[in-house]
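**Q** entry-v1.cif (mmCIF, C-alpha atoms and all ligand atoms) pasted underneath:
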data_start
#
loop_
_atom_site.label_atom_id
_atom_site.label_comp_id
_atom_site.auth_asym_id
_atom_site.auth_seq_id
_atom_site.Cartn_x
_atom_site.Cartn_y
_atom_site.Cartn_z
CA MET A 1 27.33 -9.08 15.63
CA THR A 2 26.03 -12.64 15.83
CA ILE A 3 23.73 -13.49 12.96
CA HIS A 4 21.52 -16.51 13.55
CA ALA A 5 20.97 -17.59 9.97
CA SER A 6 17.49 -18.83 9.23
CA GLN A 7 16.95 -22.26 7.68
CA THR A 8 13.88 -20.91 5.93
CA THR A 9 13.13 -18.82 2.84
CA SER A 10 15.69 -16.18 1.88
CA THR A 11 14.96 -15.81 -1.83
CA VAL A 12 11.68 -15.57 -3.70
CA GLY A 13 10.67 -16.41 -7.26
CA ALA A 14 9.95 -14.01 -10.09
CA ASP A 15 6.21 -14.64 -9.59
CA VAL A 16 6.44 -13.35 -6.02
CA VAL A 17 8.33 -10.25 -7.11
CA ALA A 18 5.78 -9.63 -9.89
CA SER A 19 2.87 -10.03 -7.47
CA TYR A 20 4.49 -7.61 -4.99
CA ARG A 21 5.07 -5.02 -7.71
CA GLU A 22 1.52 -5.36 -9.03
CA ASN A 23 -0.33 -5.31 -5.71
CA GLY A 24 2.11 -3.49 -3.42
CA PHE A 25 2.32 -6.30 -0.86
CA VAL A 26 3.13 -9.99 -0.60
CA HIS A 27 2.71 -12.66 2.09
CA ILE A 28 5.79 -14.80 2.76
CA PRO A 29 4.89 -17.79 4.98
CA GLN A 30 7.36 -19.14 7.55
CA VAL A 31 10.23 -16.76 6.98
CA LEU A 32 11.27 -17.53 10.59
CA THR A 33 11.80 -20.99 12.09
CA PRO A 34 9.80 -21.93 15.23
CA GLU A 35 13.06 -21.56 17.23
CA GLU A 36 13.58 -18.04 15.89
CA VAL A 37 9.96 -17.13 16.65
CA GLU A 38 10.31 -18.29 20.26
CA ARG A 39 13.58 -16.42 20.78
CA TYR A 40 12.31 -13.14 19.30
CA ARG A 41 8.88 -13.39 20.98
CA ASP A 42 10.54 -13.79 24.39
CA ALA A 43 12.70 -10.75 23.64
CA ALA A 44 9.62 -8.79 22.49
CA ARG A 45 7.81 -9.64 25.75
CA HIS A 46 10.81 -8.44 27.72
CA ALA A 47 11.00 -5.23 25.67
CA TYR A 48 7.28 -4.62 26.29
CA GLU A 49 7.88 -4.86 30.06
CA THR A 50 11.07 -2.80 30.20
CA LYS A 51 11.18 -0.21 27.42
CA ALA A 52 9.38 3.09 26.96
CA ALA A 53 6.77 3.57 24.24
CA TYR A 54 7.68 6.22 21.67
CA ASN A 55 3.94 6.97 21.34
CA GLY A 56 3.48 7.46 25.11
CA PRO A 57 1.57 5.40 27.68
CA ASP A 58 -1.96 6.53 26.75
CA ASP A 59 -2.15 5.36 23.12
CA ASN A 60 -4.26 2.19 23.03
CA THR A 61 -3.58 1.50 19.34
CA PHE A 62 -0.32 -0.23 20.13
CA LYS A 63 2.84 0.17 22.15
CA GLN A 64 5.45 1.39 19.64
CA ILE A 65 9.07 0.76 20.60
CA LEU A 66 11.64 2.08 18.11
CA GLN A 67 15.20 1.14 17.18
CA LEU A 68 15.48 -2.20 18.98
CA TRP A 69 18.68 -2.90 17.02
CA GLN A 70 20.40 -0.23 19.07
CA THR A 71 19.30 -1.52 22.50
CA ASP A 72 18.46 -5.24 22.35
CA GLU A 73 21.08 -7.80 21.31
CA THR A 74 18.49 -10.46 20.49
CA LEU A 75 16.07 -8.34 18.47
CA ARG A 76 19.05 -6.85 16.64
CA ASP A 77 19.43 -10.24 14.95
CA LEU A 78 15.85 -9.92 13.67
CA THR A 79 16.45 -6.39 12.41
CA PHE A 80 19.44 -7.61 10.41
CA HIS A 81 17.93 -11.01 9.53
CA ALA A 82 19.73 -11.90 6.31
CA GLY A 83 16.80 -13.78 4.78
CA LEU A 84 14.42 -10.85 5.29
CA ALA A 85 16.94 -8.33 3.95
CA ASN A 86 17.60 -10.51 0.90
CA ILE A 87 13.91 -10.80 0.09
CA ALA A 88 13.40 -7.05 0.62
CA THR A 89 16.28 -6.34 -1.77
CA GLN A 90 14.80 -8.66 -4.39
CA LEU A 91 11.38 -7.04 -4.09
CA ALA A 92 12.75 -3.50 -4.23
CA GLY A 93 15.29 -4.23 -6.95
CA ILE A 94 17.75 -1.64 -5.58
CA PRO A 95 20.33 -1.53 -2.72
CA LEU A 96 18.63 -0.85 0.62
CA MET A 97 19.44 0.48 4.07
CA LEU A 98 17.59 0.17 7.34
CA TRP A 99 15.41 3.20 8.06
CA HIS A 100 14.32 1.85 11.44
CA ASP A 101 12.87 -1.17 13.16
CA GLN A 102 9.96 -1.18 15.61
CA LEU A 103 7.84 -3.36 17.82
CA LEU A 104 4.10 -2.73 17.50
CA ILE A 105 2.35 -4.51 20.34
CA LYS A 106 -1.41 -4.52 20.71
CA LYS A 107 -2.41 -5.53 24.22
CA PRO A 108 -5.42 -7.87 24.71
CA HIS A 109 -8.78 -6.19 24.05
CA ASN A 110 -7.07 -2.90 23.17
CA GLY A 111 -10.20 -1.61 21.46
CA SER A 112 -8.29 0.39 18.83
CA ALA A 113 -7.63 -0.25 15.16
CA THR A 114 -4.59 1.19 13.45
CA GLU A 115 -6.59 3.23 10.95
CA TYR A 116 -5.89 3.40 7.22
CA HIS A 117 -2.72 5.21 6.23
CA GLN A 118 0.32 5.07 3.99
CA ASP A 119 3.72 4.98 5.71
CA ALA A 120 5.80 7.10 3.32
CA PRO A 121 4.17 10.52 4.05
CA TYR A 122 5.46 10.44 7.66
CA TRP A 123 9.13 10.06 6.69
CA PRO A 124 11.62 12.89 6.00
CA HIS A 125 12.98 11.41 2.79
CA ALA A 126 13.62 12.79 -0.69
CA ASN A 127 14.64 11.01 -3.88
CA ALA A 128 13.54 7.59 -2.61
CA ARG A 129 13.19 5.10 -5.45
CA HIS A 130 11.64 2.43 -3.23
CA ARG A 131 10.75 1.87 0.43
CA LEU A 132 9.08 -1.15 2.02
CA SER A 133 8.34 -2.77 5.38
CA ALA A 134 8.53 -6.35 6.56
CA TRP A 135 5.74 -6.90 9.13
CA ILE A 136 6.70 -10.04 11.03
CA ALA A 137 4.24 -11.99 13.19
CA LEU A 138 5.83 -13.24 16.43
CA VAL A 139 2.53 -14.86 17.47
CA ASP A 140 -0.34 -16.20 15.40
CA VAL A 141 -2.24 -13.12 14.19
CA PRO A 142 -5.73 -14.05 13.02
CA VAL A 143 -8.15 -11.33 12.00
CA GLU A 144 -9.37 -11.00 15.61
CA ARG A 145 -5.86 -10.30 16.97
CA GLY A 146 -5.09 -7.34 14.70
CA CYS A 147 -3.80 -8.56 11.36
CA MET A 148 -3.21 -6.22 8.45
CA THR A 149 -5.57 -5.33 5.59
CA PHE A 150 -4.19 -3.79 2.40
CA ILE A 151 -5.75 -1.89 -0.50
CA PRO A 152 -3.96 -3.44 -3.49
CA GLY A 153 -2.61 -1.00 -6.06
CA THR A 154 -2.66 2.08 -3.82
CA HIS A 155 1.17 2.09 -3.83
CA ARG A 156 0.82 3.99 -7.11
CA TRP A 157 -0.85 6.89 -5.24
CA THR A 158 2.16 8.89 -4.10
CA ASP A 159 0.63 12.30 -3.38
CA ILE A 160 -1.79 11.58 -0.51
CA ARG A 161 -1.11 13.62 2.64
CA ALA A 162 -0.06 12.14 5.98
CA VAL A 163 -3.20 11.20 7.92
CA ASP A 164 -4.08 10.65 11.57
CA LEU A 165 -3.92 6.89 12.12
CA HIS A 166 -6.26 7.23 15.11
CA ASP A 167 -8.99 8.78 12.97
CA ARG A 168 -11.35 6.28 11.30
CA THR A 169 -12.18 8.48 8.31
CA ASP A 170 -9.09 10.65 7.79
CA PHE A 171 -7.64 8.48 5.03
CA SER A 172 -10.88 8.38 3.05
CA ASP A 173 -11.19 12.15 3.56
CA ALA A 174 -7.68 12.55 2.14
CA ALA A 175 -8.21 10.08 -0.73
CA PRO A 176 -11.96 9.67 -1.41
CA ASP A 177 -11.31 7.78 -4.66
CA VAL A 178 -9.84 4.90 -2.66
CA THR A 179 -13.08 4.26 -0.76
CA TYR A 180 -14.56 1.67 -3.12
CA LEU A 181 -11.39 -0.23 -4.00
CA PRO A 182 -11.29 -3.90 -2.88
CA ARG A 183 -9.27 -4.75 0.24
CA VAL A 184 -7.27 -7.85 1.17
CA THR A 185 -7.01 -9.02 4.79
CA VAL A 186 -4.01 -11.22 5.55
CA PRO A 187 -4.07 -13.31 8.77
CA LEU A 188 -0.57 -14.57 9.61
CA ARG A 189 0.86 -17.55 11.44
CA ALA A 190 3.72 -16.90 13.86
CA GLY A 191 6.87 -16.73 11.72
CA ASP A 192 5.06 -15.43 8.61
CA CYS A 193 5.58 -11.94 7.33
CA THR A 194 4.15 -9.54 4.80
CA PHE A 195 6.17 -7.01 2.86
CA HIS A 196 4.33 -3.84 1.90
CA ASN A 197 5.31 -0.85 -0.19
CA ALA A 198 5.54 2.38 1.84
CA TYR A 199 2.80 3.95 -0.30
CA LEU A 200 0.36 1.04 0.06
CA ALA A 201 -2.71 1.96 2.11
CA HIS A 202 -3.19 -0.38 5.07
CA THR A 203 -4.92 -0.79 8.41
CA ALA A 204 -4.76 -3.26 11.30
CA ASN A 205 -7.75 -4.46 13.33
CA PRO A 206 -8.08 -4.05 17.07
CA ASN A 207 -6.92 -6.98 19.18
CA ASP A 208 -10.14 -8.59 20.42
CA THR A 209 -8.37 -11.67 21.88
CA ASP A 210 -7.01 -12.51 25.34
CA ASP A 211 -3.40 -12.62 24.08
CA PHE A 212 -0.91 -9.94 23.07
CA ARG A 213 -0.25 -9.22 19.40
CA TYR A 214 3.51 -9.01 18.95
CA ALA A 215 4.55 -7.65 15.55
CA PHE A 216 8.09 -6.64 14.61
CA VAL A 217 8.63 -4.36 11.64
CA ASN A 218 11.81 -3.77 9.63
CA ILE A 219 11.66 -0.75 7.34
CA TYR A 220 13.98 -0.92 4.35
CA VAL A 221 14.57 2.10 2.15
CA ASP A 222 16.60 3.17 -0.89
CA ALA A 223 20.23 3.36 0.32
CA LYS A 224 20.69 6.53 -1.74
CA LEU A 225 17.74 8.60 -0.57
CA THR A 226 18.38 11.97 1.05
CA TYR A 227 17.13 13.83 4.11
CA ASP A 228 14.40 16.41 3.45
CA GLY A 229 14.69 18.35 6.72
CA ARG A 230 11.38 17.43 8.37
CA PRO A 231 11.42 16.29 12.01
CA HIS A 232 11.42 12.57 12.83
CA PRO A 233 12.60 10.72 15.96
CA CYS A 234 15.14 8.71 13.94
CA THR A 235 16.86 11.73 12.40
CA ASP A 236 16.30 14.49 15.01
CA GLY A 237 19.54 15.42 16.75
CA LEU A 238 21.84 13.91 14.11
CA GLY A 239 22.69 17.32 12.63
CA LEU A 240 21.77 16.27 9.09
CA GLU A 241 21.76 18.85 6.32
CA ILE A 242 18.83 18.96 3.91
CA GLY A 243 19.84 16.98 0.83
CA SER A 244 22.44 14.87 2.59
CA PRO A 245 22.46 11.05 2.50
CA LEU A 246 21.56 9.20 5.71
CA PRO A 247 24.77 8.16 7.50
CA ALA A 248 25.48 4.41 7.51
CA GLU A 249 26.33 4.26 11.21
CA HIS A 250 22.72 5.21 12.02
CA PHE A 251 21.06 3.69 8.95
CA PRO A 252 23.03 0.51 8.17
CA ARG A 253 23.34 -0.64 4.59
CA LEU A 254 21.86 -4.11 3.97
CA PRO A 255 22.32 -7.03 3.86
CA GLN A 256 24.95 -6.67 6.57
C1 LIG A 301 -0.07 -2.23 13.02
O1 LIG A 301 0.61 -3.24 13.06
O2 LIG A 301 -0.93 -2.01 13.86
C2 LIG A 301 0.16 -1.23 11.94
C3 LIG A 301 1.38 -1.50 11.16
C4 LIG A 301 1.66 -0.48 10.11
O3 LIG A 301 0.98 0.51 10.03
O4 LIG A 301 2.59 -0.67 9.30
NI NI A 302 1.81 1.61 8.51
#
Show me, as structure tokens, the structure contained in the file I just sent.
Ligand code: SIN
Ligand code: NI
**A**
Amino acid sequence: MTIHASQTTSTVGADVVASYRENGFVHIPQVLTPEEVERYRDAARHAYETKAAYNGPDDNTFKQILQLWQTDETLRDLTFHAGLANIATQLAGIPLMLWHDQLLIKKPHNGSATEYHQDAPYWPHANARHRLSAWIALVDVPVERGCMTFIPGTHRWTDIRAVDLHDRTDFSDAAPDVTYLPRVTVPLRAGDCTFHNAYLAHTANPNDTDDFRYAFVNIYVDAKLTYDGRPHPCTDGLGLEIGSPLPAEHFPRLPQ
């Protein structure tokens, strides 16, 4: 595999790690160079035109394309980006593997927010000590184009059910005590990313602009977690036993 090493940030200071652990998210500016952004954005555009959406053609929230590392030689470099994996490992403080990558593309004037949810309840994992996502902006993502908003501290709430991310009130129905907590909205420049804990509650605005919102997400999880038997597109068909580790050929250990 060709790794195009970034010239930009690949380690973070103790203050950044402390802030991530306190709040459940952190903004890392310019983790990609402008050249990397251009290369991956072009590949994301091509993927949008040529690949099927996992969530089907009628979901306006975004077009979700999974597991680019398995089908796209260019985006594979972003999935295994050494700088991102190094930062994720520092933030988590344990060895990580890739759970999956994904493109989340909001078309212009899509009219649909990604409603509040936590990521972890959707995943068939047991014994996970830490899981987090890098949400990477491949275009400028101001508030109006569908940036993320987080509810700091909610990563400590680990028993909220999976909610419907198309339903505006399902998360507050599931966790009414969260309703009056302060929220932080994080507009990103192309090449910036945020890392967020898999239990942190978050939402993304609709895209009200004339341009596509291209976001690429790497999901990093505890390399030692086990499979809990629930269905998921990334584990279905692999013949995994409940309680078994996730095999490295499908869930590569990081950094590569
Ligand atoms: C989005 O980008 O629309 C949502 C991302 C996420 O839920 O992690
Ligand atoms: Ni999410």
**Q** Mind pulling up the distance from atom CA of His202 of chain A to atom CA of Thr114 of chain A?
**A** 8.6 Å
**Q** Could you tell me how far atom CA of Gly146 of chain A lies from atom CA of Ala204 of chain A, in Å and to one decimal?
**A**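 Distance between the two atoms: 5.3 Å.
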**Q** Around ligand LIG 301 (chain A), which protein and nucleic acid residues have at least one atom no more than 9 Å from it, if we count all atoms listed in the file? List them as an mmCIF file with C-alpha atoms, in the coordinates of the input.
**A**
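To be explicit, this is the file written out as selection-v7.cif:
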data_model
loop_
_atom_site.group_PDB
_atom_site.id
_atom_site.type_symbol
_atom_site.label_atom_id
_atom_site.label_comp_id
_atom_site.auth_asym_id
_atom_site.auth_seq_id
_atom_site.Cartn_x
_atom_site.Cartn_y
_atom_site.Cartn_z
ATOM 1 C CA THR A 61 -3.580 1.500 19.340
ATOM 2 C CA PHE A 62 -0.320 -0.230 20.130
ATOM 3 C CA LEU A 103 7.840 -3.360 17.820
ATOM 4 C CA LEU A 104 4.100 -2.730 17.500
ATOM 5 C CA ILE A 105 2.350 -4.510 20.340
ATOM 6 C CA LYS A 106 -1.410 -4.520 20.710
ATOM 7 C CA ALA A 113 -7.630 -0.250 15.160
ATOM 8 C CA THR A 114 -4.590 1.190 13.450
ATOM 9 C CA GLU A 115 -6.590 3.230 10.950
ATOM 10 C CA TYR A 116 -5.890 3.400 7.220
ATOM 11 C CA HIS A 117 -2.720 5.210 6.230
ATOM 12 C CA GLN A 118 0.320 5.070 3.990
ATOM 13 C CA ASP A 119 3.720 4.980 5.710
ATOM 14 C CA SER A 133 8.340 -2.770 5.380
ATOM 15 C CA ALA A 134 8.530 -6.350 6.560
ATOM 16 C CA TRP A 135 5.740 -6.900 9.130
ATOM 17 C CA GLY A 146 -5.090 -7.340 14.700
ATOM 18 C CA CYS A 147 -3.800 -8.560 11.360
ATOM 19 C CA MET A 148 -3.210 -6.220 8.450
ATOM 20 C CA LEU A 165 -3.920 6.890 12.120
ATOM 21 C CA HIS A 196 4.330 -3.840 1.900
ATOM 22 C CA ALA A 198 5.540 2.380 1.840
ATOM 23 C CA ALA A 201 -2.710 1.960 2.110
ATOM 24 C CA HIS A 202 -3.190 -0.380 5.070
ATOM 25 C CA THR A 203 -4.920 -0.790 8.410
ATOM 26 C CA ALA A 204 -4.760 -3.260 11.300
ATOM 27 C CA ASN A 205 -7.750 -4.460 13.330
ATOM 28 C CA PRO A 206 -8.080 -4.050 17.070
ATOM 29 C CA ARG A 213 -0.250 -9.220 19.400
ATOM 30 C CA TYR A 214 3.510 -9.010 18.950
ATOM 31 C CA ALA A 215 4.550 -7.650 15.550
ATOM 32 C CA PHE A 216 8.090 -6.640 14.610
ATOM 33 C CA VAL A 217 8.630 -4.360 11.640
#
**Q** Under the rule that only C-alpha atoms and all ligand atoms are counted, which of A:Thr235, A:Gln64, A:Ser172, A:Thr33 is the nearest residue to ligand NI 302 (chain A)?
**A**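 Among A:Thr235, A:Gln64, A:Ser172, A:Thr33, it is A:Gln64 that comes nearest to ligand NI 302 (chain A).
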**Q** Would you mind telling me which residue in A:Arg253, A:Lys224, A:His166, A:Arg230 lies nearest to ligand NI 302 (chain A) when using all atoms listed in the file?
**A**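 So, comparing all the options, the nearest one is A:His166.
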**Q** Could you rebuild segment 176-188 of chain A with N, CA and C atoms and give me the result as an mmCIF file, keeping the file's coordinate frame?
**A**
data_model
loop_
_atom_site.group_PDB
_atom_site.id
_atom_site.type_symbol
_atom_site.label_atom_id
_atom_site.label_comp_id
_atom_site.auth_asym_id
_atom_site.auth_seq_id
_atom_site.Cartn_x
_atom_site.Cartn_y
_atom_site.Cartn_z
ATOM 1 N N PRO A 176 -10.612 10.234 -1.259
ATOM 2 C CA PRO A 176 -11.960 9.670 -1.410
ATOM 3 C C PRO A 176 -12.060 8.629 -2.522
ATOM 4 N N ASP A 177 -11.222 8.729 -3.544
ATOM 5 C CA ASP A 177 -11.310 7.780 -4.660
ATOM 6 C C ASP A 177 -10.921 6.364 -4.259
ATOM 7 N N VAL A 178 -10.291 6.214 -3.112
ATOM 8 C CA VAL A 178 -9.840 4.900 -2.660
ATOM 9 C C VAL A 178 -10.987 4.113 -1.996
ATOM 10 N N THR A 179 -12.028 4.823 -1.612
ATOM 11 C CA THR A 179 -13.080 4.260 -0.760
ATOM 12 C C THR A 179 -13.674 2.957 -1.286
ATOM 13 N N TYR A 180 -13.865 2.849 -2.601
ATOM 14 C CA TYR A 180 -14.560 1.670 -3.120
ATOM 15 C C TYR A 180 -13.629 0.639 -3.749
ATOM 16 N N LEU A 181 -12.325 0.786 -3.493
ATOM 17 C CA LEU A 181 -11.390 -0.230 -4.000
ATOM 18 C C LEU A 181 -11.465 -1.470 -3.102
ATOM 19 N N PRO A 182 -11.291 -2.678 -3.685
ATOM 20 C CA PRO A 182 -11.290 -3.900 -2.880
ATOM 21 C C PRO A 182 -10.107 -3.936 -1.914
ATOM 22 N N ARG A 183 -10.296 -4.641 -0.817
ATOM 23 C CA ARG A 183 -9.270 -4.750 0.240
ATOM 24 C C ARG A 183 -8.924 -6.219 0.463
ATOM 25 N N VAL A 184 -7.706 -6.467 0.904
ATOM 26 C CA VAL A 184 -7.270 -7.850 1.170
ATOM 27 C C VAL A 184 -6.762 -7.940 2.600
ATOM 28 N N THR A 185 -7.397 -8.807 3.394
ATOM 29 C CA THR A 185 -7.010 -9.020 4.790
ATOM 30 C C THR A 185 -6.132 -10.263 4.867
ATOM 31 N N VAL A 186 -5.013 -10.157 5.583
ATOM 32 C CA VAL A 186 -4.010 -11.220 5.550
ATOM 33 C C VAL A 186 -3.689 -11.711 6.970
ATOM 34 N N PRO A 187 -4.436 -12.713 7.479
ATOM 35 C CA PRO A 187 -4.070 -13.310 8.770
ATOM 36 C C PRO A 187 -2.737 -14.036 8.633
ATOM 37 N N LEU A 188 -1.905 -13.967 9.671
ATOM 38 C CA LEU A 188 -0.570 -14.570 9.610
ATOM 39 C C LEU A 188 -0.389 -15.584 10.726
#
